[in-house]
Structure formats: structure tokens, C-alpha cells
>>> print(open('upload02.tsv').read())   # TSV, C-alpha atoms and all ligand atoms
chain	number	residue	atom	x	y	z
A	1	MET	CA	-43.02	-27.78	-47.19
A	2	SER	CA	-40.95	-29.09	-44.27
A	3	VAL	CA	-42.49	-29.54	-40.81
A	4	ASN	CA	-40.53	-26.52	-39.60
A	5	GLU	CA	-41.76	-24.35	-42.46
A	6	LYS	CA	-45.34	-25.52	-41.93
A	7	ILE	CA	-45.22	-24.62	-38.22
A	8	VAL	CA	-43.86	-21.14	-38.94
A	9	SER	CA	-46.32	-20.51	-41.77
A	10	ASP	CA	-49.25	-21.54	-39.52
A	11	LEU	CA	-48.00	-19.18	-36.81
A	12	VAL	CA	-47.85	-16.33	-39.33
A	13	ALA	CA	-51.26	-17.20	-40.80
A	14	ASN	CA	-52.73	-17.03	-37.30
A	15	LYS	CA	-51.09	-13.63	-36.66
A	16	VAL	CA	-48.69	-14.92	-34.02
A	17	GLU	CA	-46.08	-12.15	-34.04
A	18	PHE	CA	-44.18	-12.65	-30.77
A	19	VAL	CA	-42.42	-15.93	-30.06
A	20	THR	CA	-40.15	-16.71	-27.15
A	21	THR	CA	-37.93	-19.77	-27.15
A	22	VAL	CA	-35.77	-21.79	-24.80
A	23	PRO	CA	-33.78	-24.20	-26.95
A	24	CYS	CA	-33.89	-27.99	-27.24
A	25	LYS	CA	-31.93	-30.10	-29.74
A	26	GLN	CA	-35.19	-31.35	-31.28
A	27	LEU	CA	-36.43	-27.77	-31.72
A	28	ALA	CA	-33.26	-26.35	-33.28
A	29	GLY	CA	-34.70	-26.37	-36.81
A	30	VAL	CA	-37.98	-24.66	-35.97
A	31	ILE	CA	-36.22	-22.08	-33.78
A	32	GLU	CA	-33.93	-21.23	-36.71
A	33	LYS	CA	-36.96	-20.74	-38.98
A	34	ILE	CA	-38.66	-18.56	-36.34
A	35	ASP	CA	-35.55	-16.43	-36.12
A	36	GLU	CA	-35.47	-15.97	-39.91
A	37	CYS	CA	-39.17	-15.09	-40.17
A	38	LYS	CA	-39.63	-11.35	-40.65
A	39	ASN	CA	-43.25	-11.40	-39.45
A	40	ILE	CA	-42.29	-12.75	-36.04
A	41	TYR	CA	-40.40	-10.99	-33.25
A	42	HIS	CA	-38.19	-13.73	-31.81
A	43	ILE	CA	-37.12	-13.15	-28.23
A	44	PRO	CA	-35.05	-15.94	-26.69
A	45	SER	CA	-35.61	-16.19	-22.94
A	46	ASN	CA	-33.29	-17.52	-20.27
A	47	LYS	CA	-35.94	-19.51	-18.43
A	48	GLU	CA	-39.39	-20.61	-19.48
A	49	ASP	CA	-41.28	-18.77	-16.72
A	50	GLU	CA	-39.55	-15.57	-17.83
A	51	GLY	CA	-40.73	-16.39	-21.37
A	52	MET	CA	-44.31	-16.78	-20.18
A	53	GLY	CA	-44.08	-13.36	-18.53
A	54	LEU	CA	-42.90	-11.86	-21.82
A	55	CYS	CA	-45.79	-13.59	-23.63
A	56	ALA	CA	-48.34	-12.31	-21.10
A	57	GLY	CA	-47.06	-8.78	-21.67
A	58	ALA	CA	-47.05	-9.11	-25.45
A	59	PHE	CA	-50.63	-10.39	-25.38
A	60	MET	CA	-51.78	-7.43	-23.27
A	61	GLY	CA	-49.85	-5.15	-25.61
A	62	GLY	CA	-51.91	-6.45	-28.52
A	63	LYS	CA	-49.71	-9.13	-30.08
A	64	ARG	CA	-50.44	-12.86	-30.22
A	65	PRO	CA	-47.66	-14.78	-28.46
A	66	ALA	CA	-46.32	-18.33	-28.46
A	67	ILE	CA	-43.64	-20.17	-26.51
A	68	ILE	CA	-41.35	-22.93	-27.75
A	69	MET	CA	-39.67	-25.04	-25.07
A	70	GLN	CA	-38.80	-28.51	-23.83
A	71	ASN	CA	-41.13	-30.64	-21.67
A	72	THR	CA	-38.76	-30.26	-18.71
A	73	ALA	CA	-40.10	-26.70	-18.60
A	74	ILE	CA	-43.44	-27.94	-17.31
A	75	GLY	CA	-41.62	-28.55	-14.05
A	76	VAL	CA	-40.31	-25.00	-14.08
A	77	THR	CA	-43.48	-23.14	-15.03
A	78	ILE	CA	-46.41	-24.60	-13.08
A	79	ASN	CA	-46.74	-21.57	-10.80
A	80	THR	CA	-46.59	-19.17	-13.75
A	81	LEU	CA	-49.10	-21.16	-15.79
A	82	VAL	CA	-51.54	-21.20	-12.88
A	83	THR	CA	-51.14	-17.73	-11.34
A	84	LEU	CA	-50.49	-15.71	-14.51
A	85	THR	CA	-51.58	-17.36	-17.76
A	86	GLN	CA	-54.64	-19.18	-16.40
A	87	TYR	CA	-55.60	-16.80	-13.58
A	88	TYR	CA	-55.74	-13.79	-15.93
A	89	ARG	CA	-57.20	-15.94	-18.75
A	90	MET	CA	-54.57	-15.45	-21.42
A	91	PRO	CA	-54.00	-17.56	-24.53
A	92	LEU	CA	-50.62	-19.25	-24.94
A	93	PRO	CA	-49.76	-21.89	-27.53
A	94	MET	CA	-46.87	-23.94	-26.15
A	95	LEU	CA	-44.93	-25.92	-28.75
A	96	ILE	CA	-43.08	-28.43	-26.59
A	97	SER	CA	-40.42	-30.96	-27.49
A	98	TYR	CA	-41.47	-34.19	-25.79
A	99	ARG	CA	-38.13	-35.56	-24.74
A	100	GLY	CA	-37.82	-38.97	-23.14
A	101	GLU	CA	-40.06	-40.80	-25.62
A	102	LEU	CA	-39.12	-43.60	-28.09
A	103	GLY	CA	-35.75	-42.95	-29.67
A	104	GLU	CA	-34.47	-40.95	-26.66
A	105	PRO	CA	-30.77	-41.58	-26.01
A	106	VAL	CA	-30.56	-39.69	-22.70
A	107	ALA	CA	-32.00	-41.75	-19.84
A	108	CYS	CA	-32.61	-38.79	-17.55
A	109	GLN	CA	-35.08	-37.29	-20.06
A	110	VAL	CA	-37.43	-40.22	-19.42
A	111	GLU	CA	-37.76	-39.12	-15.79
A	112	MET	CA	-39.63	-35.94	-16.81
A	113	ALA	CA	-41.40	-37.60	-19.76
A	114	VAL	CA	-43.30	-39.91	-17.40
A	115	HIS	CA	-44.73	-36.88	-15.56
A	116	THR	CA	-45.42	-34.60	-18.53
A	117	LYS	CA	-48.95	-35.65	-19.51
A	118	ALA	CA	-50.03	-36.19	-15.90
A	119	LEU	CA	-48.95	-32.66	-14.96
A	120	LEU	CA	-50.67	-31.12	-17.98
A	121	ALA	CA	-53.85	-33.08	-17.17
A	122	GLN	CA	-53.70	-31.97	-13.53
A	123	LEU	CA	-53.45	-28.35	-14.74
A	124	ASN	CA	-56.46	-28.81	-17.09
A	125	ILE	CA	-54.31	-27.73	-20.03
A	126	PRO	CA	-55.65	-28.93	-23.41
A	127	THR	CA	-52.89	-31.20	-24.71
A	128	TYR	CA	-52.14	-32.50	-28.22
A	129	HIS	CA	-49.44	-35.03	-29.05
A	130	PHE	CA	-47.68	-34.97	-32.44
A	131	HIS	CA	-46.18	-38.42	-33.11
A	132	HIS	CA	-46.46	-38.80	-36.92
A	133	GLU	CA	-45.26	-36.16	-39.35
A	134	ASP	CA	-48.84	-35.70	-40.65
A	135	ASP	CA	-50.00	-34.65	-37.18
A	136	VAL	CA	-48.59	-31.20	-37.98
A	137	ASN	CA	-51.68	-30.66	-40.13
A	138	GLU	CA	-53.65	-30.06	-36.91
A	139	PHE	CA	-51.39	-27.20	-35.82
A	140	ASP	CA	-53.45	-24.52	-37.55
A	141	ALA	CA	-56.68	-25.66	-35.84
A	142	ILE	CA	-54.91	-25.88	-32.47
A	143	LEU	CA	-53.74	-22.27	-32.78
A	144	LYS	CA	-57.26	-21.10	-33.65
A	145	HIS	CA	-58.60	-23.10	-30.67
A	146	THR	CA	-56.05	-21.53	-28.32
A	147	PHE	CA	-56.93	-17.95	-29.23
A	148	MET	CA	-60.64	-18.80	-29.19
A	149	CYS	CA	-60.61	-20.15	-25.62
A	150	ASN	CA	-57.88	-17.92	-24.03
A	151	LYS	CA	-56.03	-20.79	-22.41
A	152	PRO	CA	-52.51	-22.15	-22.42
A	153	VAL	CA	-52.49	-25.14	-24.78
A	154	ALA	CA	-49.73	-27.76	-25.04
A	155	ILE	CA	-48.52	-29.35	-28.27
A	156	LEU	CA	-46.15	-32.19	-27.38
A	157	THR	CA	-43.84	-33.15	-30.23
A	158	ASP	CA	-41.85	-36.37	-29.79
A	159	ALA	CA	-38.74	-37.77	-31.45
A	160	SER	CA	-40.77	-39.84	-33.96
A	161	PHE	CA	-42.48	-36.64	-35.12
A	162	TRP	CA	-39.13	-34.91	-35.58
A	163	LYS	CA	-37.76	-38.03	-37.33
A	164	GLY	CA	-35.18	-38.67	-34.67
A	165	TYR	CA	-33.28	-36.99	-31.88
T	1	MET	CA	-38.15	6.87	2.87
T	2	ILE	CA	-39.78	3.47	2.46
T	3	ARG	CA	-41.40	2.01	-0.69
T	4	SER	CA	-44.85	3.48	-0.01
T	5	ASP	CA	-43.32	6.98	0.31
T	6	ILE	CA	-41.72	6.53	-3.12
T	7	LEU	CA	-45.01	5.31	-4.62
T	8	ARG	CA	-46.83	8.37	-3.20
T	9	ASP	CA	-44.11	10.60	-4.63
T	10	ILE	CA	-44.14	9.14	-8.14
T	11	ALA	CA	-47.91	8.55	-8.45
T	12	PRO	CA	-48.49	11.83	-10.36
T	13	VAL	CA	-45.68	10.93	-12.81
T	14	ILE	CA	-46.70	7.36	-13.54
T	15	ARG	CA	-50.50	7.72	-13.59
T	16	ASP	CA	-50.60	8.70	-17.26
T	17	HIS	CA	-48.50	5.71	-18.36
T	18	LEU	CA	-48.93	1.95	-18.50
T	19	VAL	CA	-47.63	0.46	-15.25
T	20	VAL	CA	-46.91	-3.17	-14.43
T	21	CYS	CA	-46.60	-3.55	-10.68
T	22	ASN	CA	-44.85	-6.23	-8.69
T	23	ILE	CA	-46.73	-8.84	-6.64
T	24	GLY	CA	-47.63	-8.32	-2.99
T	25	LEU	CA	-47.24	-5.11	-1.05
T	26	PRO	CA	-46.04	-2.95	-4.00
T	27	SER	CA	-49.27	-3.66	-5.92
T	28	GLN	CA	-51.40	-3.33	-2.79
T	29	GLU	CA	-49.78	-0.01	-1.89
T	30	LEU	CA	-50.07	1.40	-5.41
T	31	HIS	CA	-53.70	0.25	-5.55
T	32	LEU	CA	-54.40	2.07	-2.27
T	33	ILE	CA	-52.46	5.24	-3.17
T	34	ASP	CA	-53.62	5.78	-6.77
T	35	ASP	CA	-55.61	3.03	-8.46
T	36	GLN	CA	-55.66	3.54	-12.22
T	37	PRO	CA	-56.96	1.40	-15.10
T	38	THR	CA	-53.48	1.79	-16.59
T	39	ASN	CA	-52.08	-0.24	-13.67
T	40	PHE	CA	-51.58	-3.96	-14.12
T	41	TYR	CA	-51.40	-5.51	-10.66
T	42	MET	CA	-49.63	-8.82	-10.31
T	43	LEU	CA	-51.58	-11.02	-7.91
T	44	GLY	CA	-49.15	-13.92	-8.19
T	45	THR	CA	-45.98	-15.06	-9.94
T	46	MET	CA	-43.07	-13.44	-8.11
T	47	GLY	CA	-40.32	-12.07	-10.35
T	48	LEU	CA	-42.10	-11.47	-13.63
T	49	SER	CA	-42.98	-7.76	-13.45
T	50	SER	CA	-40.01	-6.78	-15.63
T	51	SER	CA	-40.73	-9.57	-18.15
T	52	ILE	CA	-44.41	-8.66	-18.45
T	53	GLY	CA	-43.56	-4.97	-18.79
T	54	LEU	CA	-40.95	-5.62	-21.47
T	55	GLY	CA	-43.47	-7.75	-23.37
T	56	VAL	CA	-46.04	-4.94	-23.28
T	57	ALA	CA	-43.41	-2.41	-24.39
T	58	LEU	CA	-42.19	-4.52	-27.31
T	59	ALA	CA	-45.75	-5.14	-28.53
T	60	GLN	CA	-46.90	-1.51	-28.77
T	61	ASP	CA	-45.65	2.09	-28.66
T	62	LYS	CA	-46.99	3.55	-25.40
T	63	LYS	CA	-44.56	4.01	-22.52
T	64	VAL	CA	-44.46	1.22	-19.97
T	65	ILE	CA	-43.07	1.40	-16.44
T	66	SER	CA	-42.43	-1.86	-14.59
T	67	ILE	CA	-42.23	-1.40	-10.84
T	68	ASP	CA	-40.12	-4.18	-9.42
T	69	GLY	CA	-38.28	-4.98	-6.21
T	70	ASP	CA	-34.76	-6.12	-5.44
T	71	GLY	CA	-36.00	-9.50	-4.24
T	72	SER	CA	-38.09	-10.03	-7.37
T	73	VAL	CA	-35.24	-9.10	-9.71
T	74	LEU	CA	-33.02	-11.58	-7.86
T	75	THR	CA	-35.74	-14.22	-8.37
T	76	ASN	CA	-35.79	-13.62	-12.14
T	77	PHE	CA	-32.19	-12.60	-12.75
T	78	GLY	CA	-32.32	-13.81	-16.36
T	79	THR	CA	-34.57	-10.85	-17.14
T	80	LEU	CA	-31.70	-8.31	-17.23
T	81	PRO	CA	-29.82	-9.84	-20.21
T	82	THR	CA	-33.14	-10.22	-22.04
T	83	ILE	CA	-33.96	-6.55	-21.44
T	84	ALA	CA	-30.46	-5.45	-22.48
T	85	ASN	CA	-30.59	-7.39	-25.74
T	86	ASN	CA	-34.17	-6.49	-26.71
T	87	VAL	CA	-34.10	-2.72	-26.45
T	88	ALA	CA	-37.49	-1.04	-26.12
T	89	HIS	CA	-37.08	2.72	-25.76
T	90	ASN	CA	-40.64	2.96	-24.37
T	91	PHE	CA	-39.66	0.80	-21.39
T	92	ILE	CA	-38.55	1.84	-17.92
T	93	LEU	CA	-37.72	-0.66	-15.19
T	94	LEU	CA	-37.93	0.91	-11.75
T	95	ILE	CA	-36.35	-1.35	-9.14
T	96	ILE	CA	-37.29	-0.21	-5.65
T	97	ASP	CA	-34.32	-1.62	-3.78
T	98	ASN	CA	-34.98	-1.75	-0.06
T	99	GLY	CA	-32.51	-4.58	0.49
T	100	SER	CA	-35.23	-6.88	1.74
T	101	TYR	CA	-38.05	-9.21	0.80
T	102	GLY	CA	-40.66	-6.71	1.97
T	103	SER	CA	-43.83	-8.67	1.33
T	104	THR	CA	-42.69	-11.70	3.27
T	105	GLY	CA	-41.47	-10.05	6.45
T	106	ASP	CA	-38.42	-7.98	5.51
T	107	GLN	CA	-35.90	-10.79	5.32
T	108	PRO	CA	-32.63	-9.32	3.97
T	109	THR	CA	-31.76	-9.84	0.27
T	110	TYR	CA	-28.27	-10.10	-1.21
T	111	ALA	CA	-28.95	-6.75	-2.92
T	112	GLY	CA	-28.77	-5.19	0.53
T	113	LYS	CA	-25.43	-6.89	1.13
T	114	LYS	CA	-22.60	-7.30	-1.39
T	115	THR	CA	-24.60	-7.46	-4.62
T	116	SER	CA	-25.18	-4.26	-6.60
T	117	LEU	CA	-28.16	-4.52	-8.97
T	118	THR	CA	-26.89	-1.40	-10.74
T	119	ALA	CA	-23.58	-3.10	-11.51
T	120	VAL	CA	-25.38	-6.28	-12.56
T	121	ALA	CA	-27.68	-4.39	-14.94
T	122	LEU	CA	-24.65	-2.66	-16.49
T	123	ALA	CA	-22.75	-5.95	-16.77
T	124	CYS	CA	-25.78	-7.47	-18.51
T	125	GLY	CA	-25.52	-4.81	-21.19
T	126	CYS	CA	-28.26	-2.36	-20.15
T	127	GLU	CA	-27.08	0.97	-21.50
T	128	GLN	CA	-28.94	3.53	-19.39
T	129	VAL	CA	-28.81	2.52	-15.73
T	130	VAL	CA	-29.42	5.10	-13.01
T	131	GLU	CA	-28.98	4.52	-9.30
T	132	CYS	CA	-30.62	7.09	-7.06
T	133	LYS	CA	-31.65	7.81	-3.52
T	134	ALA	CA	-35.31	7.26	-2.67
T	135	GLU	CA	-36.08	10.99	-2.58
T	136	ASP	CA	-34.67	11.45	-6.11
T	137	THR	CA	-36.78	8.70	-7.69
T	138	LYS	CA	-39.44	11.06	-9.05
T	139	LYS	CA	-36.81	13.16	-10.81
T	140	ALA	CA	-35.06	10.05	-12.17
T	141	LEU	CA	-38.36	8.83	-13.59
T	142	GLU	CA	-39.17	12.19	-15.17
T	143	ASP	CA	-35.70	12.26	-16.75
T	144	ALA	CA	-36.08	8.70	-18.04
T	145	LEU	CA	-39.47	9.48	-19.57
T	146	ALA	CA	-38.10	12.63	-21.22
T	147	SER	CA	-35.04	10.82	-22.57
T	148	ASN	CA	-37.06	8.36	-24.69
T	149	LYS	CA	-34.37	5.80	-23.94
T	150	MET	CA	-34.85	2.48	-22.22
T	151	THR	CA	-33.81	3.06	-18.62
T	152	ILE	CA	-33.23	0.92	-15.55
T	153	ILE	CA	-33.62	2.89	-12.31
T	154	VAL	CA	-32.37	1.41	-9.05
T	155	SER	CA	-33.89	3.39	-6.22
T	156	LYS	CA	-32.22	2.73	-2.88
T	157	CYS	CA	-34.63	3.08	0.03
T	158	GLU	CA	-35.26	1.82	3.54
T	159	SER	CA	-37.21	-1.34	4.19
T	160	GLY	CA	-40.60	-1.10	5.82
T	161	ASN	CA	-44.24	-1.54	5.02
T	162	ILE	CA	-47.55	0.17	5.69
T	163	LYS	CA	-50.78	-1.64	6.52
T	164	VAL	CA	-52.73	-2.17	3.31
T	165	PRO	CA	-55.70	-4.30	2.31
T	166	VAL	CA	-55.27	-7.06	-0.28
T	167	ILE	CA	-56.53	-6.43	-3.82
T	168	THR	CA	-59.88	-8.14	-4.28
T	169	MET	CA	-60.42	-7.08	-7.91
T	170	ASP	CA	-60.82	-10.05	-10.24
T	171	PRO	CA	-57.67	-10.73	-12.32
T	172	VAL	CA	-59.63	-10.73	-15.57
T	173	VAL	CA	-61.05	-7.28	-14.69
T	174	ILE	CA	-57.51	-5.99	-14.01
T	175	ARG	CA	-56.34	-7.41	-17.33
T	176	ASP	CA	-59.35	-6.19	-19.29
T	177	ARG	CA	-59.24	-2.59	-18.11
T	178	PHE	CA	-55.46	-2.51	-18.68
T	179	MET	CA	-55.86	-3.79	-22.24
T	180	LYS	CA	-58.54	-1.18	-22.94
T	181	GLN	CA	-56.03	1.50	-21.88
T	182	VAL	CA	-53.41	-0.02	-24.20
T	183	LYS	CA	-55.85	0.27	-27.10
T	184	SER	CA	-57.27	3.72	-26.22
S	1	MG	MG	-37.30	-5.51	-1.59
>>> encode(input="upload02.tsv", output="C-alpha cells")
Amino acid sequence: MSVNEKIVSDLVANKVEFVTTVPCKQLAGVIEKIDECKNIYHIPSNKEDEGMGLCAGAFMGGKRPAIIMQNTAIGVTINTLVTLTQYYRMPLPMLISYRGELGEPVACQVEMAVHTKALLAQLNIPTYHFHHEDDVNEFDAILKHTFMCNKPVAILTDASFWKGY
Amino acid sequence: MIRSDILRDIAPVIRDHLVVCNIGLPSQELHLIDDQPTNFYMLGTMGLSSSIGLGVALAQDKKVISIDGDGSVLTNFGTLPTIANNVAHNFILLIIDNGSYGSTGDQPTYAGKKTSLTAVALACGCEQVVECKAEDTKKALEDALASNKMTIIVSKCESGNIKVPVITMDPVVIRDRFMKQVKS
């Protein structure tokens, strides 16, 4: 099973039925698999805070949500994470491409990479970092943890994990 | 008519449905006029009322009305294409368009100048878009509910606010009682 297939099958096994995405080159494969999956309603959003609003609504409507986005989105969504997702105590797995790490060809991506973990730590968001392909084996437990504790949880996935940019 | 007059007018129509209400004075006014467990009050996060409401509508079958403002829609403009392309016939977006940022001191918005939110919603691909005068909002809502078609209502009204207390209810209580209504 490919990493992309494993991620989607763990989402389905954990009854995640509503996934919003804002694309990143590293996430193209998993987004394609999400779109093909008949158990998941895939709703692309135009901005990540909009996506978090959609996820908050889906959760209150009775469906487990997830968001897939790039780490630059942390800069976009701090207010939403704090005043919506955390304030109302809602679960939100965030599968995040960790751009700006080893293998990154675009220098500007490093500028946000150096802030990513510090911002997540400041927000008290449980954060996991997938660097080796095998790290994907923790994804199932992370999803269970997220819906147990009703918090936004970050899964950072770097270029080494995706086997390149 | 100002926003609170519209909310008083439509309260009997919306009280039996799930309502997601915009941050600030709209939520405070609705809370004062007709607090219901079916109301989800936004205490923060300007702009996301329509996104939250669409999410609720896509996840279950009950009718959902998002009450939004012109300023908030301008803040989250990307919401209109998302709504247009993810049709939920149990969803109504009511934009109370007073041409100003009401909660922050009535600074004018572009919706009160050259920009037509009705035209924007249509250009984004929303199929049923209704613009009405403030006094016709109740009728527009009743028609939208009866049509069983996703509808965007742009209600043009005057700017102005009434004195209202802030909402002191805990956010988790607001969320919990709303979710119990979803399930009931
Ligand atoms: Mg306004």
C-alpha cells in the first residue's frame, strides 16, 4: 500500500467523511486519492481558514472532518484555530505538508518552515512530524487521539517523507 | 429598517431551523431577541458564518440558515465559489447588507458603494440568488425554505445598531446544545 493509500484508508477506518484541502505540490497525490474515495466528501477550499470553518460545521453536523494544507497556512489560520476550533473544543486533524525542510528547492519556503513548530507549540497544538516513510504507521493512532481529545492536531509531513519535492 | 428590525421580523421563521449567526452584534441581537438552542453564535472568527453553515448543511439533512453580513462576506469572499460548487439544498445564506461594518462602528464597506454582492454571488455560480428590501426579508426566507433549493438572500437595509449585552454563554455550551438539536 502506498503512503497515499494508507493515509486515505486510515481516514476511512476512523470514519473521517469530510475532508477539505488547499493544494500543495507535495500533497497532490494524497489529494487525488481523497477525491477518488467514495467514503469521503472532498470539498476544496479557497483559503485554509475557510476550510476550518467548513470543518467546524461538518463536525457539528455529525461528520468527522480533516483538513489537508501546507505549513504556510499556519500563518493564515491562527485566529481561526484559537477562536473557533480551540475555543469551541472541536477536533481537527491537520495533515500538513512541511515545506522548507531538507530537499526544498524554493528558498522562500524556508522562511515559514523556521516558524512552523514554534507557532504550533505556542498554540499548544499536539504536533507530530513524519520524516521517514514508516512514520505513516502512526497516522491511525494520531486520528484516534485527535477525536478522543477534541483538539486540532498537526501532522507535519516533510519532503523526505514524501520521497522528494 | 436596521439589522435588529430584520432579526425581530424573521425570528418566528428561523426559530425552528438550525441557525449559524455571524460574530458580534448580529449574534448579540439574535441572542437578545430570541435565544434558541438551535442558534450557533459565533463569538470570534469574522467571516466564517457561511462556511460553518455550509459545513453543517452538507453533513446532515436539516435546514440550515447562515446569517451573515456584507462586511463578513467581503472578509471571506472565497466562500461564494465554494457554496456555488458544493450545492446543499438545505442551506440558505442570508446576507444582511447594511453597507457597513456594523459591529466595529459603522465604517462603510465596498458593498455599500460600487460592489454588488448579489452580482458577485451570481458570477460565482450560485443559482438561486435573491436581493430584497429589508421589509421583504421574512417573505424571501419563507420562499427560500419552501423552495427546497439552496438560496442566497441579500437583504439591503440601513446601518445602525441597538444597545445589546455581550453573550456570556460558554462556547462549549453553545456548541453542545446546538449539536443536541442537530441530533434530535
Ligand atoms: Mg454590515
>>> interface_residues(input="upload02.tsv", of="chain A", to="chain T", cutoff="10 Å", atoms="all atoms listed in the file", output="PyMOL selection string")
chain A and resi 17-18+41-47+49-65+77+79-90
>>> residues_near_ligand(input="upload02.tsv", ligand="ligand MG 1 (chain S)", cutoff="9 Å", atoms="all atoms listed in the file", output="PyMOL selection string")
chain T and resi 3+68-72+95-103+106-109+111-112+159
>>> residues_around(input="upload02.tsv", residues="Val64 of chain T", least_positions_apart="5", cutoff="6 Å", atoms="all atoms listed in the file", output="mmCIF file with C-alpha atoms, keeping the file's coordinate frame")
data_model
loop_
_atom_site.group_PDB
_atom_site.id
_atom_site.type_symbol
_atom_site.label_atom_id
_atom_site.label_comp_id
_atom_site.auth_asym_id
_atom_site.auth_seq_id
_atom_site.Cartn_x
_atom_site.Cartn_y
_atom_site.Cartn_z
ATOM 1 C CA LEU T 18 -48.930 1.950 -18.500
ATOM 2 C CA VAL T 19 -47.630 0.460 -15.250
ATOM 3 C CA ALA T 57 -43.410 -2.410 -24.390
ATOM 4 C CA PHE T 91 -39.660 0.800 -21.390
#
>>> residues_around(input="upload02.tsv", residues="Ile92 of chain T", least_positions_apart="6", cutoff="8 Å", atoms="all atoms listed in the file", output="ChimeraX atom specification")
/T:63-66,144-145,150-153
>>> closest_residue(input="upload02.tsv", among="A:Glu32, A:Asn124, A:Lys38, A:Pro23", to="Ile67 of chain A", atoms="all atoms listed in the file")
A:Pro23
>>> atom_distance(input="upload02.tsv", atom1="atom CA of Asp9 of chain T", atom2="atom CA of His31 of chain T")
14.1 Å
>>> closest_residue(input="upload02.tsv", among="T:Ile10, T:Val73, T:Leu30, T:Ile23", to="Asp136 of chain T", atoms="all atoms listed in the file")
T:Ile10
>>> residues_around(input="upload02.tsv", residues="Gly103 of chain A", least_positions_apart="5", cutoff="10 Å", atoms="all atoms listed in the file", output="list of chain:residue names")
A:Asp158, A:Ala159, A:Ser160, A:Lys163, A:Gly164, A:Tyr165
>>> closest_residue(input="upload02.tsv", among="A:Ala154, A:Leu102, A:Ile142, A:Ala113", to="Pro126 of chain A", atoms="only C-alpha atoms")
A:Ala154
>>> residues_around(input="upload02.tsv", residues="His129 of chain A", least_positions_apart="5", cutoff="12 Å", atoms="only C-alpha atoms", output="PyMOL selection string")
chain A and resi 71+94-98+101+116-117+120+134-136+138-139+142+153-161
>>> atom_distance(input="upload02.tsv", atom1="atom CA of Leu74 of chain T", atom2="atom CA of Lys156 of chain T")
15.2 Å
>>> atom_distance(input="upload02.tsv", atom1="atom CA of Ser9 of chain A", atom2="atom CA of His89 of chain T")
29.7 Å
